[in-house]
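query_2.cif, holding mmCIF, C-alpha atoms:
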data_start
#
loop_
_atom_site.label_atom_id
_atom_site.label_comp_id
_atom_site.auth_asym_id
_atom_site.auth_seq_id
_atom_site.Cartn_x
_atom_site.Cartn_y
_atom_site.Cartn_z
CA MET A 1 76.44 123.40 120.26
CA THR A 2 77.00 121.51 123.47
CA VAL A 3 80.29 120.05 124.63
CA PRO A 4 79.61 116.45 123.44
CA VAL A 5 78.77 117.67 119.94
CA VAL A 6 81.96 119.74 119.74
CA LEU A 7 83.95 116.74 121.00
CA PHE A 8 82.27 114.55 118.38
CA TYR A 9 83.34 116.82 115.52
CA LEU A 10 86.84 117.00 116.97
CA PHE A 11 87.14 113.21 117.16
CA ALA A 12 85.57 112.84 113.70
CA ALA A 13 88.09 115.22 112.11
CA LEU A 14 90.93 113.42 113.90
CA ALA A 15 89.68 110.03 112.68
CA VAL A 16 89.33 111.14 109.05
CA VAL A 17 92.71 112.90 108.95
CA SER A 18 94.59 109.99 110.51
CA ALA A 19 92.80 107.45 108.29
CA LEU A 20 93.84 109.46 105.22
CA GLY A 21 97.35 109.62 106.65
CA MET A 22 97.40 105.84 106.96
CA VAL A 23 96.19 105.17 103.42
CA LEU A 24 98.17 107.86 101.61
CA ASN A 25 101.51 107.37 103.40
CA VAL A 26 103.66 105.35 100.99
CA ARG A 27 107.01 106.06 102.58
CA ASN A 28 106.80 104.55 106.04
CA THR A 29 104.75 101.53 107.08
CA VAL A 30 105.40 102.13 110.79
CA ALA A 31 103.89 105.63 110.47
CA SER A 32 100.85 104.08 108.78
CA ALA A 33 100.36 101.77 111.76
CA MET A 34 100.71 104.71 114.15
CA SER A 35 98.05 106.64 112.20
CA LEU A 36 95.80 103.59 112.57
CA VAL A 37 96.25 103.80 116.37
CA VAL A 38 95.12 107.44 116.31
CA THR A 39 92.03 106.50 114.26
CA MET A 40 91.14 103.72 116.71
CA ILE A 41 91.48 106.00 119.74
CA ALA A 42 89.36 108.72 118.10
CA LEU A 43 86.68 106.12 117.32
CA ALA A 44 86.80 104.96 120.95
CA GLY A 45 86.09 108.55 122.01
CA ILE A 46 83.07 108.65 119.71
CA TYR A 47 81.85 105.35 121.21
CA LEU A 48 82.04 106.97 124.65
CA LEU A 49 79.91 109.86 123.42
CA LEU A 50 77.41 107.33 122.05
CA GLU A 51 77.14 105.66 125.48
CA ALA A 52 78.91 102.45 124.45
CA TYR A 53 81.34 102.35 127.37
CA LEU A 54 82.36 98.70 127.31
CA VAL A 55 82.81 98.79 123.54
CA ALA A 56 85.07 101.85 123.84
CA VAL A 57 87.30 100.11 126.39
CA VAL A 58 87.44 96.91 124.33
CA GLN A 59 88.25 98.98 121.24
CA ILE A 60 91.27 100.55 122.93
CA MET A 61 92.43 97.27 124.49
CA VAL A 62 92.04 95.04 121.44
CA TYR A 63 92.73 97.41 118.55
CA ALA A 64 95.22 99.92 119.89
CA GLY A 65 96.71 97.46 122.36
CA ALA A 66 96.84 94.18 120.47
CA ILE A 67 96.08 94.34 116.77
CA VAL A 68 98.22 97.35 115.86
CA VAL A 69 101.05 96.00 118.02
CA LEU A 70 100.84 92.80 115.99
CA PHE A 71 101.09 94.87 112.79
CA LEU A 72 104.10 96.76 114.14
CA PHE A 73 105.70 93.50 115.22
CA VAL A 74 105.42 92.04 111.71
CA VAL A 75 106.61 95.26 110.03
CA MET A 76 109.71 95.33 112.22
CA LEU A 77 110.26 91.56 111.94
CA LEU A 78 110.29 91.77 108.15
CA ASN A 79 112.28 95.03 108.25
CA LEU A 80 109.99 96.84 105.80
CA ARG A 81 110.93 100.47 105.84
CA HIS A 82 109.06 101.63 102.76
CA ASP A 83 107.48 100.44 99.54
CA THR A 84 110.42 99.53 97.34
CA PHE A 85 108.57 98.10 94.35
CA ALA A 86 108.41 99.90 91.05
CA PRO A 87 105.19 101.74 90.19
CA GLY A 88 103.14 99.91 87.59
CA ARG A 89 99.89 101.06 85.98
CA GLN A 90 99.29 103.30 88.96
CA TRP A 91 97.25 106.11 87.41
CA LEU A 92 94.63 103.74 85.99
CA LEU A 93 94.26 102.08 89.39
CA LYS A 94 93.99 105.41 91.16
CA ALA A 95 91.41 106.79 88.74
CA GLY A 96 89.33 103.63 89.11
CA ALA A 97 89.56 103.76 92.91
CA LEU A 98 88.56 107.45 92.93
CA LEU A 99 85.54 106.80 90.69
CA LEU A 100 84.47 103.83 92.81
CA SER A 101 84.84 105.75 96.06
CA VAL A 102 82.85 108.74 94.77
CA VAL A 103 80.02 106.46 93.63
CA VAL A 104 79.93 104.45 96.87
CA LEU A 105 80.18 107.52 99.12
CA SER A 106 77.41 109.46 97.35
CA GLU A 107 75.21 106.37 97.39
CA LEU A 108 75.79 105.72 101.11
CA LEU A 109 75.17 109.36 102.03
CA ARG A 110 72.02 109.52 99.90
CA LEU A 111 70.77 106.36 101.58
CA PHE A 112 70.90 107.87 105.07
CA ALA A 113 70.21 111.55 104.37
CA GLY A 114 67.12 112.62 106.27
CA GLY A 115 65.96 109.05 106.87
CA LEU A 116 66.75 108.90 110.58
CA PRO A 117 64.47 109.93 113.47
CA ALA A 118 65.29 113.46 114.61
CA THR A 119 65.13 112.81 118.36
CA GLN A 120 66.93 110.11 120.25
CA PRO A 121 65.20 108.36 123.15
CA GLU A 122 66.67 108.38 126.64
CA VAL A 123 68.97 105.44 127.27
CA PRO A 124 67.97 102.95 129.98
CA PRO A 125 70.06 103.03 133.21
CA GLY A 126 73.38 101.22 132.89
CA PHE A 127 73.15 101.17 129.09
CA GLY A 128 76.44 100.16 127.51
CA GLY A 129 78.12 99.33 130.81
CA TYR A 130 79.70 95.97 131.56
CA HIS A 131 76.75 94.77 133.65
CA VAL A 132 74.03 95.21 131.04
CA VAL A 133 76.24 94.12 128.12
CA GLY A 134 77.44 91.10 130.09
CA ILE A 135 73.89 90.00 130.85
CA ALA A 136 72.99 90.35 127.17
CA LEU A 137 76.10 88.40 126.12
CA TYR A 138 75.55 85.48 128.48
CA THR A 139 71.79 85.11 128.05
CA ASP A 140 70.58 86.06 124.58
CA TYR A 141 73.88 85.74 122.78
CA VAL A 142 75.54 82.83 124.61
CA LEU A 143 75.75 80.78 121.40
CA LEU A 144 77.55 83.69 119.71
CA VAL A 145 80.11 83.77 122.55
CA GLU A 146 80.77 80.05 122.17
CA MET A 147 81.19 80.47 118.41
CA ALA A 148 83.63 83.33 119.00
CA SER A 149 85.75 81.12 121.26
CA LEU A 150 85.84 78.40 118.59
CA LEU A 151 86.77 80.96 115.95
CA LEU A 152 89.66 82.26 118.06
CA LEU A 153 90.91 78.71 118.64
CA ALA A 154 90.83 78.03 114.89
CA ALA A 155 92.65 81.33 114.24
CA ILE A 156 95.40 80.45 116.75
CA VAL A 157 95.99 77.06 115.14
CA GLY A 158 95.81 78.50 111.62
CA ALA A 159 98.25 81.32 112.34
CA LEU A 160 100.72 78.90 113.95
CA ILE A 161 100.57 76.51 111.00
CA LEU A 162 100.92 79.34 108.45
CA ALA A 163 103.87 81.03 110.12
CA LYS A 164 105.80 77.88 111.00
CA ARG A 165 108.86 77.25 108.89
CA ARG A 166 108.52 73.48 108.80
CA ILE A 167 105.55 71.40 109.84
CA ASP A 168 106.52 68.10 111.41
CA MET B 169 72.65 114.62 121.70
CA LEU B 170 74.93 113.78 118.81
CA PRO B 171 73.74 114.33 115.24
CA LEU B 172 73.24 110.70 114.20
CA GLU B 173 73.24 111.55 110.47
CA HIS B 174 76.77 112.83 110.87
CA VAL B 175 77.85 109.72 112.78
CA ILE B 176 76.61 107.56 109.91
CA GLY B 177 78.22 109.96 107.42
CA LEU B 178 81.55 109.64 109.24
CA SER B 179 81.14 105.87 109.08
CA ALA B 180 80.59 106.05 105.30
CA ILE B 181 83.62 108.32 104.84
CA LEU B 182 85.90 106.01 106.85
CA PHE B 183 84.60 103.00 104.92
CA VAL B 184 85.40 104.67 101.60
CA ILE B 185 88.89 105.68 102.79
CA GLY B 186 89.54 102.04 103.68
CA MET B 187 88.22 100.99 100.29
CA ILE B 188 90.63 103.37 98.54
CA GLY B 189 93.47 101.82 100.54
CA VAL B 190 92.49 98.29 99.56
CA ALA B 191 92.19 99.28 95.90
CA THR B 192 95.34 101.34 95.45
CA ARG B 193 98.03 100.14 97.84
CA ARG B 194 100.35 97.30 96.90
CA ASN B 195 101.86 96.74 100.34
CA LEU B 196 100.00 93.74 101.76
CA ILE B 197 100.32 94.97 105.36
CA VAL B 198 98.74 98.34 104.52
CA VAL B 199 95.94 96.53 102.68
CA LEU B 200 95.25 94.53 105.86
CA MET B 201 95.21 97.77 107.87
CA SER B 202 92.71 99.27 105.42
CA ILE B 203 90.47 96.24 105.91
CA GLU B 204 90.63 96.93 109.65
CA LEU B 205 89.57 100.51 108.96
CA MET B 206 86.55 99.32 106.96
CA LEU B 207 85.53 96.98 109.81
CA ASN B 208 85.80 99.90 112.22
CA ALA B 209 83.59 102.07 110.03
CA VAL B 210 80.90 99.40 110.14
CA ASN B 211 81.32 99.17 113.93
CA LEU B 212 80.68 102.90 114.21
CA ALA B 213 77.43 102.52 112.26
CA PHE B 214 76.38 99.65 114.56
CA VAL B 215 76.99 101.71 117.71
CA GLY B 216 75.24 104.76 116.24
CA PHE B 217 72.10 102.84 115.31
CA ASN B 218 72.11 101.15 118.72
CA ARG B 219 72.07 104.62 120.32
CA LEU B 220 69.01 105.44 118.23
CA TRP B 221 67.07 102.34 119.39
CA PRO B 222 68.34 101.63 122.93
CA GLY B 223 65.30 99.70 124.19
CA THR B 224 63.56 100.29 127.50
CA ALA B 225 64.68 100.08 131.12
CA ALA B 226 63.02 96.67 131.50
CA ALA B 227 64.52 95.29 128.28
CA PRO B 228 67.58 97.22 127.05
CA ALA B 229 68.36 96.41 123.42
CA LEU B 230 72.12 95.95 123.01
CA ASP B 231 72.18 94.04 119.73
CA GLY B 232 74.40 96.61 118.01
CA GLN B 233 77.02 96.68 120.76
CA VAL B 234 77.11 92.87 121.04
CA PHE B 235 77.62 92.73 117.29
CA VAL B 236 80.51 95.18 117.57
CA LEU B 237 82.19 92.91 120.13
CA MET B 238 81.80 89.98 117.72
CA VAL B 239 83.20 92.02 114.82
CA ILE B 240 86.24 92.90 116.98
CA THR B 241 86.72 89.17 117.69
CA VAL B 242 86.56 88.35 113.98
CA ALA B 243 88.99 91.20 113.21
CA ALA B 244 91.49 89.85 115.73
CA ALA B 245 91.27 86.36 114.22
CA GLU B 246 91.58 87.81 110.71
CA VAL B 247 94.70 89.80 111.61
CA ALA B 248 96.37 86.77 113.19
CA VAL B 249 95.80 84.61 110.13
CA GLY B 250 96.50 87.45 107.68
CA LEU B 251 99.84 88.30 109.25
CA GLY B 252 100.72 84.58 109.23
CA ILE B 253 100.09 84.64 105.48
CA VAL B 254 102.22 87.81 105.15
CA ILE B 255 105.15 86.16 106.94
CA SER B 256 104.88 83.03 104.85
CA LEU B 257 104.62 85.09 101.63
CA PHE B 258 107.68 87.11 102.61
CA ARG B 259 109.59 83.92 103.30
CA ASN B 260 108.78 82.53 99.85
CA ARG B 261 108.97 85.67 97.69
CA ASP B 262 111.15 88.03 99.73
CA SER B 263 108.60 90.81 99.29
CA VAL B 264 105.15 91.88 100.47
CA ASP B 265 104.18 93.34 97.10
CA LEU B 266 100.70 92.17 96.14
CA GLU B 267 101.73 91.99 92.48
CA GLU B 268 104.29 89.35 93.40
CA ALA B 269 101.60 87.02 94.65
CA SER B 270 100.35 86.13 91.18
CA LEU B 271 100.70 82.34 91.14
CA LEU B 272 96.96 81.78 91.16
CA LYS B 273 96.25 84.71 88.82
CA TRP B 274 94.68 83.89 85.52
#
Would you kindly transcribe this structure into structure tokens?
Amino acid sequence: MTVPVVLFYLFAALAVVSALGMVLNVRNTVASAMSLVVTMIALAGIYLLLEAYLVAVVQIMVYAGAIVVLFLFVVMLLNLRHDTFAPGRQWLLKAGALLLSVVVLSELLRLFAGGLPATQPEVPPGFGGYHVVGIALYTDYVLLVEMASLLLLAAIVGALILAKRRID
Amino acid sequence: MLPLEHVIGLSAILFVIGMIGVATRRNLIVVLMSIELMLNAVNLAFVGFNRLWPGTAAAPALDGQVFVLMVITVAAAEVAVGLGIVISLFRNRDSVDLEEASLLKW
């Protein structure tokens, strides 16, 4: 095994463990958000190994730097230390979720098992860097970029209206 | 050269973990975080498949990576609006329990 493959398995194990830590941690919401940061950073490492350099940087900036901070901000603003609500029909829910996850996981793995080409082609020069991705974004996908800007504007206005105490 | 089957397998595993979180947790903030995890799993599949079909030197094919950037944009917008809803729910009900938000439930 070469170094990138070893690094990939390391990052993959880190991502799975921290994702499980986020979902299964019922005591502390802040710790859940911190586990999410670890998952995002591990995924950014895997993006680097897959030659998606710009995507890896954007992943760290937007997810670990902005989105999770927003989560932490809301958790601390609302002063939620842990889940205080009484457990309801929890075992039925958990059994259903387990069954659903086993079915979906086996189906997804069966779908991709052995169906991929064994060898990967060489990447073109500059693949995944800001230059090549930027040219693709502003020529072929320029309409998508404009739509993204409109979507962000709508999200800003919507979040302001939703979180405002009184609208006048 | 990474084993692409295992990259896609990791993506499926992360997606299912996020799905378990959405299905079992009652804390609305953790449910939103699990949705983020599912979006990230799909992003990983996009990047992996893009590595498998990278195009040529004359015409590099970056469709997967451009899509990932768009998914990140949508996730940021979704989190902003979702956390606005969380704050407004907390203001009205004094809780972020999903079972409390049952006004529209049949």
Would you mind listing, for every residue of chain A within 6 Å of chain B, the two atoms forming the shortest contact and the distance between them in Å to one decimal, using all atoms listed in the file, sorted by chain and ascending residue number, as JSON lines?
{"residue": "A:Val5", "atom": "CA", "partner": "B:Leu170", "partner_atom": "CA", "distance": 5.6}
{"residue": "A:Val23", "atom": "CA", "partner": "B:Gly189", "partner_atom": "CA", "distance": 5.2}
{"residue": "A:Ala97", "atom": "CA", "partner": "B:Ile188", "partner_atom": "CA", "distance": 5.7}
{"residue": "A:Ser101", "atom": "CA", "partner": "B:Val184", "partner_atom": "CA", "distance": 5.7}
{"residue": "A:Gln120", "atom": "CA", "partner": "B:Leu220", "partner_atom": "CA", "distance": 5.5}
{"residue": "A:Val123", "atom": "CA", "partner": "B:Pro222", "partner_atom": "CA", "distance": 5.8}
{"residue": "A:Pro124", "atom": "CA", "partner": "B:Ala225", "partner_atom": "CA", "distance": 4.5}
{"residue": "A:Leu152", "atom": "CA", "partner": "B:Ala245", "partner_atom": "CA", "distance": 5.8}
{"residue": "A:Ala155", "atom": "CA", "partner": "B:Ala245", "partner_atom": "CA", "distance": 5.2}
{"residue": "A:Ala159", "atom": "CA", "partner": "B:Val249", "partner_atom": "CA", "distance": 4.7}
{"residue": "A:Leu162", "atom": "CA", "partner": "B:Gly252", "partner_atom": "CA", "distance": 5.3}
{"residue": "A:Ala163", "atom": "CA", "partner": "B:Gly252", "partner_atom": "CA", "distance": 4.8}
_Report, in Å with one decimal, the straight-line distance from CA of Leu108 in chain A to CA of Ala213 in chain B._
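A separation of 11.7 Å between them.
CA of Gly96 in chain A sits 29.7 Å away from CA of Phe11 in chain A.
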*Gap from CA of Ser35 in chain A to CA of Ala19 in chain A - Å, one decimal*: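 Atom-to-atom, CA of Ser35 in chain A and CA of Ala19 in chain A are spaced 6.6 Å apart.
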*Do a neighbour search on range 42-48 of chain A at 6 Å with only C-alpha atoms, toss out local chain neighbours closer than 5 positions, and write the hits as a list in words.*
Phe11, Ala15, Tyr53 and Ala56 of chain A
